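Peer 1: Have a peek at my_file22.tsv (TSV, C-alpha atoms).
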chain	number	residue	atom	x	y	z
A	20	MET	CA	-34.85	-4.21	10.92
A	21	ALA	CA	-31.37	-2.67	10.62
A	22	ARG	CA	-28.27	-3.93	8.87
A	23	PHE	CA	-24.54	-3.91	9.70
A	24	THR	CA	-22.15	-4.77	6.85
A	25	LEU	CA	-18.35	-4.86	6.74
A	26	PRO	CA	-15.79	-6.49	4.42
A	27	ARG	CA	-15.40	-10.20	5.12
A	28	ASP	CA	-11.69	-9.71	5.87
A	29	VAL	CA	-9.76	-6.67	7.09
A	30	TYR	CA	-5.99	-7.23	7.21
A	31	PHE	CA	-4.15	-4.52	9.13
A	32	GLY	CA	-0.60	-3.81	10.25
A	33	ARG	CA	2.69	-2.99	8.60
A	34	GLY	CA	3.58	-5.26	5.70
A	35	THR	CA	0.07	-6.63	5.13
A	36	LEU	CA	0.45	-6.10	1.36
A	37	GLU	CA	2.05	-9.57	1.56
A	38	GLU	CA	-1.47	-10.98	2.01
A	39	LEU	CA	-2.02	-10.49	-1.74
A	40	LYS	CA	0.18	-13.56	-2.30
A	41	ASN	CA	-2.64	-15.69	-0.84
A	42	LEU	CA	-5.35	-14.46	-3.20
A	43	THR	CA	-6.97	-17.17	-5.33
A	44	GLY	CA	-8.20	-16.30	-8.78
A	45	LYS	CA	-7.27	-16.04	-12.46
A	46	LYS	CA	-7.08	-12.35	-13.37
A	47	ALA	CA	-6.78	-9.11	-11.38
A	48	ILE	CA	-7.19	-5.58	-12.71
A	49	VAL	CA	-5.41	-3.02	-10.51
A	50	VAL	CA	-7.02	0.44	-10.46
A	51	VAL	CA	-4.67	3.22	-9.33
A	52	GLY	CA	-4.40	7.02	-9.32
A	53	GLY	CA	-1.89	9.57	-10.50
A	54	GLY	CA	1.48	8.01	-9.75
A	55	SER	CA	2.43	8.26	-6.06
A	56	MET	CA	1.80	4.53	-5.53
A	57	LYS	CA	4.12	3.80	-8.46
A	58	ARG	CA	6.69	6.37	-7.30
A	59	PHE	CA	6.94	4.87	-3.81
A	60	GLY	CA	7.15	1.30	-5.12
A	61	PHE	CA	3.80	0.08	-3.75
A	62	LEU	CA	2.28	-0.57	-7.17
A	63	ASP	CA	5.23	-2.81	-8.11
A	64	LYS	CA	4.78	-4.69	-4.82
A	65	VAL	CA	1.07	-5.21	-5.44
A	66	GLU	CA	1.70	-6.42	-8.97
A	67	ALA	CA	4.50	-8.78	-7.89
A	68	ASN	CA	2.45	-10.22	-5.00
A	69	LEU	CA	-0.57	-10.84	-7.25
A	70	LYS	CA	1.61	-12.54	-9.86
A	71	GLU	CA	3.14	-14.70	-7.11
A	72	ALA	CA	-0.42	-15.74	-6.26
A	73	GLY	CA	-0.73	-16.94	-9.88
A	74	LEU	CA	-2.97	-14.16	-11.21
A	75	GLU	CA	-2.63	-12.45	-14.57
A	76	VAL	CA	-2.45	-8.69	-13.85
A	77	GLN	CA	-3.54	-5.64	-15.84
A	78	LEU	CA	-3.22	-2.02	-14.67
A	79	PHE	CA	-5.75	0.79	-15.09
A	80	GLU	CA	-3.77	3.91	-14.19
A	81	GLY	CA	-4.40	7.63	-13.97
A	82	VAL	CA	-7.65	7.95	-12.01
A	83	GLU	CA	-7.88	11.68	-11.23
A	84	PRO	CA	-8.68	13.22	-7.83
A	85	ASP	CA	-12.49	13.41	-7.54
A	86	PRO	CA	-13.00	10.85	-10.31
A	87	SER	CA	-15.32	11.66	-13.19
A	88	VAL	CA	-18.15	9.68	-14.75
A	89	GLU	CA	-16.00	9.49	-17.93
A	90	THR	CA	-13.08	7.81	-16.08
A	91	VAL	CA	-15.50	5.32	-14.52
A	92	MET	CA	-16.90	4.37	-17.94
A	93	LYS	CA	-13.39	4.04	-19.41
A	94	GLY	CA	-12.34	1.71	-16.57
A	95	ALA	CA	-15.48	-0.39	-16.91
A	96	ALA	CA	-14.76	-0.82	-20.63
A	97	ALA	CA	-11.20	-1.97	-19.81
A	98	MET	CA	-12.63	-4.48	-17.32
A	99	ARG	CA	-15.12	-5.86	-19.85
A	100	GLU	CA	-12.26	-6.43	-22.27
A	101	PHE	CA	-9.89	-8.03	-19.69
A	102	GLU	CA	-12.58	-9.95	-17.72
A	103	PRO	CA	-10.93	-9.98	-14.26
A	104	ASP	CA	-12.30	-12.02	-11.36
A	105	TRP	CA	-10.61	-9.64	-8.87
A	106	ILE	CA	-10.73	-5.84	-8.91
A	107	VAL	CA	-7.89	-4.47	-6.78
A	108	ALA	CA	-7.97	-0.74	-6.06
A	109	ILE	CA	-5.00	0.99	-4.44
A	110	GLY	CA	-4.47	4.61	-3.40
A	111	GLY	CA	-6.57	7.38	-1.93
A	112	GLY	CA	-10.34	7.54	-1.93
A	113	SER	CA	-10.45	8.47	-5.62
A	114	PRO	CA	-9.15	5.28	-7.31
A	115	ILE	CA	-11.03	3.07	-4.84
A	116	ASP	CA	-14.29	5.00	-5.32
A	117	ALA	CA	-13.83	4.96	-9.09
A	118	ALA	CA	-13.15	1.21	-9.09
A	119	LYS	CA	-16.33	0.55	-7.08
A	120	ALA	CA	-18.41	2.34	-9.72
A	121	MET	CA	-16.47	0.65	-12.57
A	122	TRP	CA	-17.37	-2.70	-10.96
A	123	ALA	CA	-21.10	-2.04	-11.41
A	124	PHE	CA	-20.73	-1.08	-15.08
A	125	TYR	CA	-18.36	-4.01	-15.73
A	126	GLU	CA	-20.93	-6.51	-14.46
A	127	TYR	CA	-23.97	-4.63	-15.86
A	128	PRO	CA	-22.99	-2.75	-19.06
A	129	GLU	CA	-26.61	-1.74	-19.68
A	130	VAL	CA	-26.92	0.18	-16.37
A	131	THR	CA	-26.68	3.99	-16.61
A	132	PHE	CA	-25.03	6.36	-14.13
A	133	GLU	CA	-28.47	7.89	-13.49
A	134	ASP	CA	-29.73	4.43	-12.42
A	135	LEU	CA	-27.13	4.32	-9.63
A	136	ILE	CA	-27.64	7.80	-8.17
A	137	THR	CA	-30.65	6.63	-6.13
A	138	PRO	CA	-29.23	5.28	-2.86
A	139	PHE	CA	-29.24	1.48	-2.45
A	140	SER	CA	-30.37	0.81	-6.01
A	141	PHE	CA	-27.37	-1.17	-7.34
A	142	PRO	CA	-27.88	-4.51	-9.06
A	143	THR	CA	-26.43	-7.59	-7.33
A	144	LEU	CA	-22.64	-7.57	-7.79
A	145	ARG	CA	-20.04	-10.39	-7.54
A	146	GLN	CA	-21.41	-12.06	-10.66
A	147	LYS	CA	-18.01	-11.65	-12.36
A	148	ALA	CA	-15.53	-10.28	-9.78
A	149	LYS	CA	-14.73	-9.68	-6.14
A	150	PHE	CA	-13.27	-6.44	-4.83
A	151	LEU	CA	-10.13	-5.75	-2.75
A	152	ALA	CA	-9.22	-2.25	-1.53
A	153	ILE	CA	-5.87	-0.92	-0.29
A	154	PRO	CA	-6.04	2.66	1.08
A	155	SER	CA	-3.02	4.97	1.05
A	156	THR	CA	-4.71	7.89	2.81
A	157	SER	CA	-6.13	8.05	6.33
A	158	GLY	CA	-9.54	9.59	5.82
A	159	THR	CA	-12.16	8.33	3.39
A	160	ALA	CA	-12.23	4.72	4.70
A	161	THR	CA	-13.72	3.73	1.36
A	162	GLU	CA	-11.98	0.35	1.84
A	163	VAL	CA	-14.73	-0.63	4.33
A	164	THR	CA	-17.72	1.41	3.19
A	165	ALA	CA	-20.80	1.07	1.03
A	166	PHE	CA	-20.10	4.42	-0.63
A	167	SER	CA	-18.39	5.88	-3.67
A	168	VAL	CA	-18.26	9.57	-4.61
A	169	ILE	CA	-18.19	10.30	-8.35
A	170	THR	CA	-18.18	13.80	-9.88
A	171	ASP	CA	-20.27	14.91	-12.84
A	172	TYR	CA	-18.14	17.84	-14.00
A	173	ALA	CA	-20.70	18.93	-16.60
A	174	LYS	CA	-23.10	19.65	-13.73
A	175	GLY	CA	-20.42	20.56	-11.16
A	176	ILE	CA	-21.93	18.07	-8.68
A	177	LYS	CA	-20.43	15.25	-6.65
A	178	TYR	CA	-22.73	12.24	-6.37
A	179	PRO	CA	-22.37	9.92	-3.39
A	180	LEU	CA	-23.31	6.46	-4.65
A	181	ALA	CA	-24.51	4.20	-1.83
A	182	ASP	CA	-25.16	0.47	-1.74
A	183	PHE	CA	-24.01	-2.42	0.48
A	184	ASN	CA	-23.15	-4.25	-2.77
A	185	ILE	CA	-20.06	-2.04	-3.15
A	186	THR	CA	-18.66	-2.75	0.32
A	187	PRO	CA	-15.32	-4.41	-0.57
A	188	ASP	CA	-14.79	-8.12	0.07
A	189	VAL	CA	-11.27	-7.58	1.43
A	190	ALA	CA	-9.54	-4.49	2.88
A	191	ILE	CA	-5.77	-4.30	3.37
A	192	VAL	CA	-5.06	-1.49	5.85
A	193	ASP	CA	-1.27	-1.24	5.70
A	194	PRO	CA	0.05	1.92	7.44
A	195	ASP	CA	3.27	1.80	5.38
A	196	LEU	CA	1.26	3.33	2.52
A	197	ALA	CA	0.01	6.21	4.68
A	198	GLU	CA	3.59	7.28	5.43
A	199	THR	CA	3.71	8.83	1.96
A	200	MET	CA	0.97	11.43	2.54
A	201	PRO	CA	2.01	15.09	2.29
A	202	GLN	CA	1.26	17.21	5.37
A	203	LYS	CA	-1.77	19.03	3.94
A	204	LEU	CA	-3.34	15.69	2.97
A	205	VAL	CA	-2.75	14.38	6.53
A	206	ALA	CA	-4.72	17.40	7.81
A	207	HIS	CA	-7.61	17.13	5.36
A	208	THR	CA	-8.02	13.35	5.52
A	209	GLY	CA	-7.73	13.39	9.31
A	210	MET	CA	-10.53	15.93	9.65
A	211	ASP	CA	-12.58	13.93	7.14
A	212	ALA	CA	-12.23	10.90	9.45
A	213	LEU	CA	-13.26	12.98	12.48
A	214	THR	CA	-16.32	14.26	10.60
A	215	HIS	CA	-17.27	10.70	9.58
A	216	ALA	CA	-17.17	9.53	13.19
A	217	ILE	CA	-19.03	12.52	14.66
A	218	GLU	CA	-21.75	12.46	11.99
A	219	ALA	CA	-22.15	8.69	12.39
A	220	TYR	CA	-22.59	9.06	16.16
A	221	VAL	CA	-25.35	11.71	15.88
A	222	SER	CA	-27.02	10.18	12.80
A	223	THR	CA	-30.68	9.26	13.15
A	224	VAL	CA	-29.80	5.66	12.25
A	225	ALA	CA	-26.86	5.26	14.65
A	226	SER	CA	-27.06	1.97	16.56
A	227	PRO	CA	-25.39	0.00	19.36
A	228	PHE	CA	-23.29	-1.62	16.60
A	229	THR	CA	-21.95	1.69	15.22
A	230	ASP	CA	-21.68	3.82	18.40
A	231	PRO	CA	-18.57	2.14	19.90
A	232	LEU	CA	-16.72	2.36	16.56
A	233	ALA	CA	-17.61	6.06	16.18
A	234	ILE	CA	-16.60	7.04	19.72
A	235	LYS	CA	-13.31	5.10	19.56
A	236	ALA	CA	-12.48	6.68	16.20
A	237	ILE	CA	-13.17	10.20	17.58
A	238	GLN	CA	-10.91	9.56	20.58
A	239	MET	CA	-8.11	8.19	18.38
A	240	VAL	CA	-8.27	11.10	15.90
A	241	MET	CA	-8.18	13.65	18.73
A	242	GLN	CA	-5.23	11.82	20.28
A	243	TYR	CA	-3.13	11.13	17.20
A	244	LEU	CA	-3.93	13.65	14.43
A	245	PRO	CA	-1.66	16.50	15.62
A	246	ALA	CA	1.35	14.17	16.00
A	247	SER	CA	0.54	12.50	12.66
A	248	TYR	CA	0.46	15.97	11.05
A	249	ASN	CA	3.89	16.64	12.54
A	250	GLY	CA	5.30	13.43	11.03
A	251	CYS	CA	5.19	10.90	13.89
A	252	SER	CA	5.22	7.41	12.35
A	253	ASN	CA	3.32	5.69	15.19
A	254	ALA	CA	0.64	8.42	15.14
A	255	LYS	CA	0.25	7.96	11.36
A	256	GLU	CA	-0.28	4.24	11.91
A	257	GLN	CA	-2.94	4.87	14.57
A	258	MET	CA	-4.69	7.42	12.33
A	259	HIS	CA	-4.81	4.82	9.54
A	260	TYR	CA	-6.71	2.51	11.90
A	261	ALA	CA	-8.86	5.32	13.37
A	262	GLN	CA	-10.16	6.36	9.94
A	263	CYS	CA	-11.01	2.73	9.20
A	264	LEU	CA	-13.07	2.44	12.40
A	265	ALA	CA	-14.82	5.70	11.49
A	266	GLY	CA	-15.61	4.18	8.09
A	267	MET	CA	-17.10	1.06	9.66
A	268	ALA	CA	-19.33	3.35	11.75
A	269	PHE	CA	-20.55	5.70	9.02
A	270	SER	CA	-20.98	3.03	6.36
A	271	ASN	CA	-23.69	1.58	8.56
A	272	ALA	CA	-24.95	4.65	10.49
A	273	LEU	CA	-24.73	7.00	7.48
A	274	LEU	CA	-23.73	10.68	7.63
A	275	GLY	CA	-25.25	14.17	7.87
A	276	ILE	CA	-25.33	17.62	6.34
A	277	VAL	CA	-21.63	18.41	6.82
A	278	HIS	CA	-21.11	15.89	4.03
A	279	SER	CA	-24.15	17.05	2.05
A	280	MET	CA	-22.72	20.58	2.02
A	281	ALA	CA	-19.18	19.44	1.22
A	282	HIS	CA	-20.39	17.25	-1.67
A	283	LYS	CA	-22.31	20.13	-3.24
A	284	THR	CA	-19.70	22.88	-2.82
A	285	GLY	CA	-16.44	21.02	-3.61
A	286	ALA	CA	-16.66	21.69	-7.34
A	287	ALA	CA	-19.15	24.59	-7.32
A	288	PHE	CA	-16.94	27.70	-7.37
A	289	SER	CA	-14.72	29.14	-10.10
A	290	THR	CA	-12.17	30.29	-7.49
A	291	GLY	CA	-11.02	26.68	-7.16
A	292	HIS	CA	-11.81	23.28	-5.80
A	293	ILE	CA	-12.46	22.91	-2.05
A	294	PRO	CA	-10.80	19.62	-1.00
A	295	HIS	CA	-13.42	17.37	0.58
A	296	GLY	CA	-11.76	16.97	3.99
A	297	CYS	CA	-11.05	20.69	4.16
A	298	ALA	CA	-14.71	21.54	3.44
A	299	ASN	CA	-15.83	19.08	6.14
A	300	ALA	CA	-13.41	20.62	8.64
A	301	ILE	CA	-14.68	24.15	7.95
A	302	TYR	CA	-18.38	23.20	8.11
A	303	LEU	CA	-18.29	20.81	11.08
A	304	PRO	CA	-18.39	23.23	14.08
A	305	TYR	CA	-21.17	25.32	12.47
A	306	VAL	CA	-23.28	22.23	11.76
A	307	ILE	CA	-22.79	20.92	15.32
A	308	LYS	CA	-24.27	24.19	16.63
A	309	TYR	CA	-27.16	23.94	14.17
A	310	ASN	CA	-27.90	20.29	14.98
A	311	ALA	CA	-27.55	20.81	18.74
A	312	LYS	CA	-30.93	22.59	18.73
A	313	ASP	CA	-32.31	19.04	18.44
A	314	MET	CA	-32.47	17.45	21.92
A	315	ARG	CA	-31.33	13.96	20.89
A	316	ALA	CA	-28.41	15.37	18.88
A	317	ALA	CA	-27.43	17.66	21.77
A	318	LYS	CA	-27.30	14.64	24.10
A	319	ARG	CA	-25.12	12.78	21.61
A	320	TYR	CA	-22.71	15.70	21.19
A	321	GLU	CA	-22.51	15.81	25.00
A	322	ASP	CA	-21.55	12.10	24.93
A	323	ILE	CA	-18.73	12.91	22.50
A	324	ALA	CA	-17.52	15.80	24.66
A	325	ASN	CA	-17.57	13.56	27.75
A	326	ALA	CA	-15.61	10.83	25.93
A	327	LEU	CA	-12.94	13.46	25.21
A	328	GLY	CA	-12.93	14.89	28.73
A	329	LEU	CA	-14.46	18.17	27.50
A	330	ASP	CA	-17.11	20.26	29.19
A	331	GLY	CA	-20.03	20.37	26.77
A	332	ILE	CA	-20.82	21.22	23.15
A	333	ASP	CA	-19.17	24.66	23.07
A	334	ALA	CA	-15.93	23.08	24.30
A	335	LEU	CA	-16.21	20.41	21.58
A	336	CYS	CA	-16.61	23.09	18.87
A	337	ALA	CA	-13.73	25.08	20.36
A	338	ARG	CA	-11.53	21.96	20.22
A	339	ILE	CA	-12.40	21.43	16.53
A	340	ASP	CA	-11.65	25.11	15.81
A	341	GLU	CA	-8.32	24.71	17.59
A	342	PHE	CA	-7.49	21.60	15.54
A	343	ASN	CA	-8.35	23.43	12.30
A	344	GLN	CA	-6.09	26.30	13.27
A	345	ARG	CA	-3.19	23.94	14.09
A	346	LEU	CA	-3.70	22.13	10.78
A	347	GLY	CA	-3.78	25.29	8.64
A	348	ILE	CA	-7.49	24.99	7.77
A	349	PRO	CA	-9.44	28.28	7.39
A	350	LYS	CA	-12.42	29.07	9.61
A	351	THR	CA	-14.69	30.49	6.88
A	352	LEU	CA	-15.37	30.12	3.16
A	353	LYS	CA	-14.40	33.78	2.76
A	354	GLU	CA	-11.01	33.04	4.31
A	355	PHE	CA	-10.69	30.01	2.01
A	356	GLY	CA	-10.90	32.44	-0.89
A	357	ILE	CA	-14.39	31.93	-2.32
A	358	ASN	CA	-15.47	35.11	-4.16
A	359	GLU	CA	-18.27	36.90	-2.27
A	360	ALA	CA	-20.32	37.87	-5.32
A	361	GLU	CA	-20.14	34.32	-6.69
A	362	PHE	CA	-21.06	32.89	-3.29
A	363	LYS	CA	-24.18	35.07	-3.12
A	364	GLU	CA	-25.08	34.24	-6.71
A	365	LYS	CA	-24.82	30.47	-6.11
A	366	LEU	CA	-26.15	30.37	-2.52
A	367	SER	CA	-29.67	29.32	-3.47
A	368	ALA	CA	-28.51	26.54	-5.82
A	369	ILE	CA	-25.86	25.05	-3.50
A	370	SER	CA	-28.37	25.11	-0.63
A	371	GLU	CA	-31.00	23.33	-2.70
A	372	ASN	CA	-28.46	20.75	-3.92
A	373	ALA	CA	-27.17	20.15	-0.37
A	374	ILE	CA	-30.69	19.53	0.96
A	375	GLY	CA	-31.21	17.02	-1.88
A	376	ASP	CA	-27.96	15.17	-1.13
A	377	ALA	CA	-28.22	11.54	-0.01
A	378	CYS	CA	-26.54	12.34	3.34
A	379	THR	CA	-29.23	14.81	4.44
A	380	GLY	CA	-31.82	12.15	5.28
A	381	SER	CA	-29.93	10.83	8.34
A	382	ASN	CA	-29.02	14.27	9.75
A	383	PRO	CA	-30.65	15.10	13.13
A	384	ARG	CA	-32.38	18.17	11.64
A	385	ILE	CA	-33.61	18.42	8.06
A	386	PRO	CA	-32.98	22.05	7.06
A	387	THR	CA	-35.41	24.14	5.05
A	388	GLN	CA	-34.08	26.09	2.07
A	389	GLU	CA	-34.01	29.23	4.23
A	390	GLU	CA	-32.12	27.49	7.07
A	391	MET	CA	-29.55	25.99	4.70
A	392	GLU	CA	-28.92	29.40	3.12
A	393	LYS	CA	-28.53	30.93	6.60
A	394	LEU	CA	-26.13	28.14	7.61
A	395	PHE	CA	-23.97	28.62	4.51
A	396	THR	CA	-23.99	32.39	5.15
A	397	CYS	CA	-22.74	31.85	8.73
A	398	ILE	CA	-19.98	29.63	7.34
A	399	TYR	CA	-19.03	32.19	4.68
A	400	TYR	CA	-18.67	35.10	7.12
A	401	GLY	CA	-17.89	33.24	10.37
A	402	THR	CA	-21.01	34.40	12.20
A	403	GLU	CA	-22.69	32.58	15.09
A	404	VAL	CA	-25.30	29.87	14.33
A	405	ALA	CA	-28.29	30.74	16.52
A	406	PHE	CA	-31.29	29.19	14.77
In structure tokens, write the structure found in this file.

Peer 2:
Amino acid sequence: MARFTLPRDVYFGRGTLEELKNLTGKKAIVVVGGGSMKRFGFLDKVEANLKEAGLEVQLFEGVEPDPSVETVMKGAAAMREFEPDWIVAIGGGSPIDAAKAMWAFYEYPEVTFEDLITPFSFPTLRQKAKFLAIPSTSGTATEVTAFSVITDYAKGIKYPLADFNITPDVAIVDPDLAETMPQKLVAHTGMDALTHAIEAYVSTVASPFTDPLAIKAIQMVMQYLPASYNGCSNAKEQMHYAQCLAGMAFSNALLGIVHSMAHKTGAAFSTGHIPHGCANAIYLPYVIKYNAKDMRAAKRYEDIANALGLDGIDALCARIDEFNQRLGIPKTLKEFGINEAEFKEKLSAISENAIGDACTGSNPRIPTQEEMEKLFTCIYYGTEVAF
């Protein structure tokens, strides 16, 4: 038996923040990030619309990029004190992901972070609150997914938490919010969305329910990302919808080792953080060539190439390379600026951690330690994947 889960309601289109006026409840806590939503006036709009609906509103502000376990615990404590029946998260993937984890600790104070690391091990939520998500970036699609990525900075590891319990009840996909993204964020989030859709399509648990969403999302990203990057308003709107479709696909079909590797290298190097979407974009063509040694995966990559009017897997990888170049994304980890000595020193550990990541289980090939180290080495130097 398989399962397909989405939010009960997805409101999309310009101006859909107005839908907040129809929410029924008593109290809403609004979880938000570092200030762009306030700067552009969206936070005020959310607050005003919720108050018009008759809800008492409290803000939890300042969720950092790649939210920490500490921030999650602080937010959960604020929720226990305020006792909201709606959790409203607005912004990029970080505040929405953080709010999903806060939700679990709000409803179950005795649960530990370690309890939630095992995929699909959450207690039953919605005992105290429902969840509404409003994304401002066009990439993570956390507004429709069963996932949340939280970073343990003491260990330098990102943990993808996974459970259908944390799929939001309501998603408001308003492209007005995506207009505010800086160009580099458009590039990184767009390639994150492409990676979601491609990994969902070749996942070992892809299904007839997820395939159409994945293929449509891939086509839309390929069509609209360059124009979105160059500031076209209509293209930005279409990308906001494309990333949401990709999220619907991967939330149910799961992901693969591009994400495993990105999760375990984002915070691993002293030379600086590798933004998640940027890491995915760098790793994706190498992983496609690695996975394509599996016959089923090769057939699925061929399907993707055909849907884009491309001639085979090499042409698909070349198109991704071309996109990365146009979007200012480096081709190798060396070019990104990761120190060679540090890379070699940490190669064994990052490879082991990536294999142990929750996303590895649905990848077409399960790499050995030796294969993962070879794959990372190809990505560091830009050498051909031929194993």

Peer 1: Could you give me, as number ranges by chain, the residues within 8 Å of stretch 269-278 of chain A, counting all atoms listed in the file and dropping anything in the same chain fewer than 6 positions from it?

Peer 2: A: 22-24, 163-166, 214-216, 218-220, 222-226, 229, 233, 299, 302-303, 306, 373-374, 378-383

Peer 1: Can I get the selected residues back with C-alpha atoms, as a PDB file, keeping the file's coordinate frame?

Peer 2:
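That gives us part.pdb:
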ATOM      1  CA  ARG A  22     -28.270  -3.930   8.870  1.00  0.00           C
ATOM      2  CA  PHE A  23     -24.540  -3.910   9.700  1.00  0.00           C
ATOM      3  CA  THR A  24     -22.150  -4.770   6.850  1.00  0.00           C
ATOM      4  CA  VAL A 163     -14.730  -0.630   4.330  1.00  0.00           C
ATOM      5  CA  THR A 164     -17.720   1.410   3.190  1.00  0.00           C
ATOM      6  CA  ALA A 165     -20.800   1.070   1.030  1.00  0.00           C
ATOM      7  CA  PHE A 166     -20.100   4.420  -0.630  1.00  0.00           C
ATOM      8  CA  THR A 214     -16.320  14.260  10.600  1.00  0.00           C
ATOM      9  CA  HIS A 215     -17.270  10.700   9.580  1.00  0.00           C
ATOM     10  CA  ALA A 216     -17.170   9.530  13.190  1.00  0.00           C
ATOM     11  CA  GLU A 218     -21.750  12.460  11.990  1.00  0.00           C
ATOM     12  CA  ALA A 219     -22.150   8.690  12.390  1.00  0.00           C
ATOM     13  CA  TYR A 220     -22.590   9.060  16.160  1.00  0.00           C
ATOM     14  CA  SER A 222     -27.020  10.180  12.800  1.00  0.00           C
ATOM     15  CA  THR A 223     -30.680   9.260  13.150  1.00  0.00           C
ATOM     16  CA  VAL A 224     -29.800   5.660  12.250  1.00  0.00           C
ATOM     17  CA  ALA A 225     -26.860   5.260  14.650  1.00  0.00           C
ATOM     18  CA  SER A 226     -27.060   1.970  16.560  1.00  0.00           C
ATOM     19  CA  THR A 229     -21.950   1.690  15.220  1.00  0.00           C
ATOM     20  CA  ALA A 233     -17.610   6.060  16.180  1.00  0.00           C
ATOM     21  CA  ASN A 299     -15.830  19.080   6.140  1.00  0.00           C
ATOM     22  CA  TYR A 302     -18.380  23.200   8.110  1.00  0.00           C
ATOM     23  CA  LEU A 303     -18.290  20.810  11.080  1.00  0.00           C
ATOM     24  CA  VAL A 306     -23.280  22.230  11.760  1.00  0.00           C
ATOM     25  CA  ALA A 373     -27.170  20.150  -0.370  1.00  0.00           C
ATOM     26  CA  ILE A 374     -30.690  19.530   0.960  1.00  0.00           C
ATOM     27  CA  CYS A 378     -26.540  12.340   3.340  1.00  0.00           C
ATOM     28  CA  THR A 379     -29.230  14.810   4.440  1.00  0.00           C
ATOM     29  CA  GLY A 380     -31.820  12.150   5.280  1.00  0.00           C
ATOM     30  CA  SER A 381     -29.930  10.830   8.340  1.00  0.00           C
ATOM     31  CA  ASN A 382     -29.020  14.270   9.750  1.00  0.00           C
ATOM     32  CA  PRO A 383     -30.650  15.100  13.130  1.00  0.00           C
TER      33      PRO A 383
END

Peer 1: Taking all atoms listed in the file into account, which of A:Ala334, A:Met241, A:Ala268, A:Ile385 comes nearest A:Tyr309?

Peer 2: A:Ile385

Peer 1: When distances are computed from all atoms listed in the file, which of A:Phe31, A:Phe150, A:Phe79, A:Tyr127 shows the smallest separation from A:Asp193?

Peer 2: A:Phe31

Peer 1: Pick the closest to A:Ala181 from A:Ala97, A:Ala120, A:Val221, A:Ile323: which is it, counting all atoms listed in the file?

Peer 2: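 Closest candidate: A:Ala120.
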
Peer 1: Could you work out how far atom CA of A:Val240 lies from atom CA of A:Ala265, giving the answer in Å with one decimal?

Peer 2: 9.6 Å

Peer 1: Would you compute the distance between atom CA of A:Ile169 and atom CA of A:Pro26? Give it in Å to one decimal.

Peer 2: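 Separating atom CA of A:Ile169 from atom CA of A:Pro26 is a distance of 21.2 Å.
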
Peer 1: Just give me the gap between atom CA of A:Thr351 and atom CA of A:Leu232 in Å, one decimal is fine.

Peer 2: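 Calculated distance between atom CA of A:Thr351 and atom CA of A:Leu232 is 29.8 Å.
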
Peer 1: Find the residues near A:Thr170: any atom within 9 Å, counting all atoms listed in the file, skip ones fewer than 4 places away on the same chain, and give them as a ChimeraX atom specification.

Peer 2: /A:85-88,174-179,286

Peer 1: What residues have an atom no more than 7 Å from (1.4, -4.7, 4.0) in the file's own frame, counting all atoms listed in the file, and can you write them as a list in words?

Peer 2: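 Residues lying no farther than 7 Å from the given point: Gly32, Arg33, Gly34, Thr35, Leu36, Glu37, Asp193 and Asp195 of chain A.
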
Peer 1: Here is a test: counting only C-alpha atoms, which residue of A:Ile293, A:Ala254, A:Leu180, A:Ala326 is nearest to A:Lys235?

Peer 2: A:Ala326

Peer 1: Residues within 10 Å of A:Thr199, please, as a PDB file with C-alpha atoms, in the coordinates of the input. Count only C-alpha atoms; anything in the same chain fewer than 3 positions from it doesn't count.

Peer 2:
ATOM      1  CA  SER A  55       2.430   8.260  -6.060  1.00  0.00           C
ATOM      2  CA  MET A  56       1.800   4.530  -5.530  1.00  0.00           C
ATOM      3  CA  PHE A  59       6.940   4.870  -3.810  1.00  0.00           C
ATOM      4  CA  SER A 155      -3.020   4.970   1.050  1.00  0.00           C
ATOM      5  CA  THR A 156      -4.710   7.890   2.810  1.00  0.00           C
ATOM      6  CA  PRO A 194       0.050   1.920   7.440  1.00  0.00           C
ATOM      7  CA  ASP A 195       3.270   1.800   5.380  1.00  0.00           C
ATOM      8  CA  LEU A 196       1.260   3.330   2.520  1.00  0.00           C
ATOM      9  CA  GLN A 202       1.260  17.210   5.370  1.00  0.00           C
ATOM     10  CA  LEU A 204      -3.340  15.690   2.970  1.00  0.00           C
ATOM     11  CA  VAL A 205      -2.750  14.380   6.530  1.00  0.00           C
TER      12      VAL A 205
END

Peer 1: Of the residues A:Ala298, A:Ile191, A:Met258, A:Leu39, which is the one nearest to A:Thr284, using only C-alpha atoms?

Peer 2: A:Ala298

Peer 1: Give me the residues of stretch 100-176 of chain A that have any atom at most 7 Å from an atom of stretch 45-49 of chain A; for each, the nearest atom pair and the distance in Å, rounded to one decimal. Use only C-alpha atoms, sort by chain and number, and format it as JSON lines.

Peer 2:
{"residue": "A:Pro103", "atom": "CA", "partner": "A:Lys46", "partner_atom": "CA", "distance": 4.6}
{"residue": "A:Asp104", "atom": "CA", "partner": "A:Lys46", "partner_atom": "CA", "distance": 5.6}
{"residue": "A:Trp105", "atom": "CA", "partner": "A:Ala47", "partner_atom": "CA", "distance": 4.6}
{"residue": "A:Ile106", "atom": "CA", "partner": "A:Ile48", "partner_atom": "CA", "distance": 5.2}
{"residue": "A:Val107", "atom": "CA", "partner": "A:Val49", "partner_atom": "CA", "distance": 4.7}
{"residue": "A:Ala108", "atom": "CA", "partner": "A:Val49", "partner_atom": "CA", "distance": 5.6}

Peer 1: For a quick check of understanding, using all atoms listed in the file, which of A:Asn310, A:Asn249, A:Thr161, A:Ser279 has the smallest distance to A:Asp376?

Peer 2: A:Ser279

Peer 1: Determine, counting only C-alpha atoms, which protein, DNA and RNA residues have an atom within 12 Å of an atom of A:Thr396; residues of the same chain fewer than 2 positions away are not included. Present the result as a ChimeraX atom specification.

Peer 2: /A:302,305,351-353,359,362-363,365-367,369-370,389-394,398-404
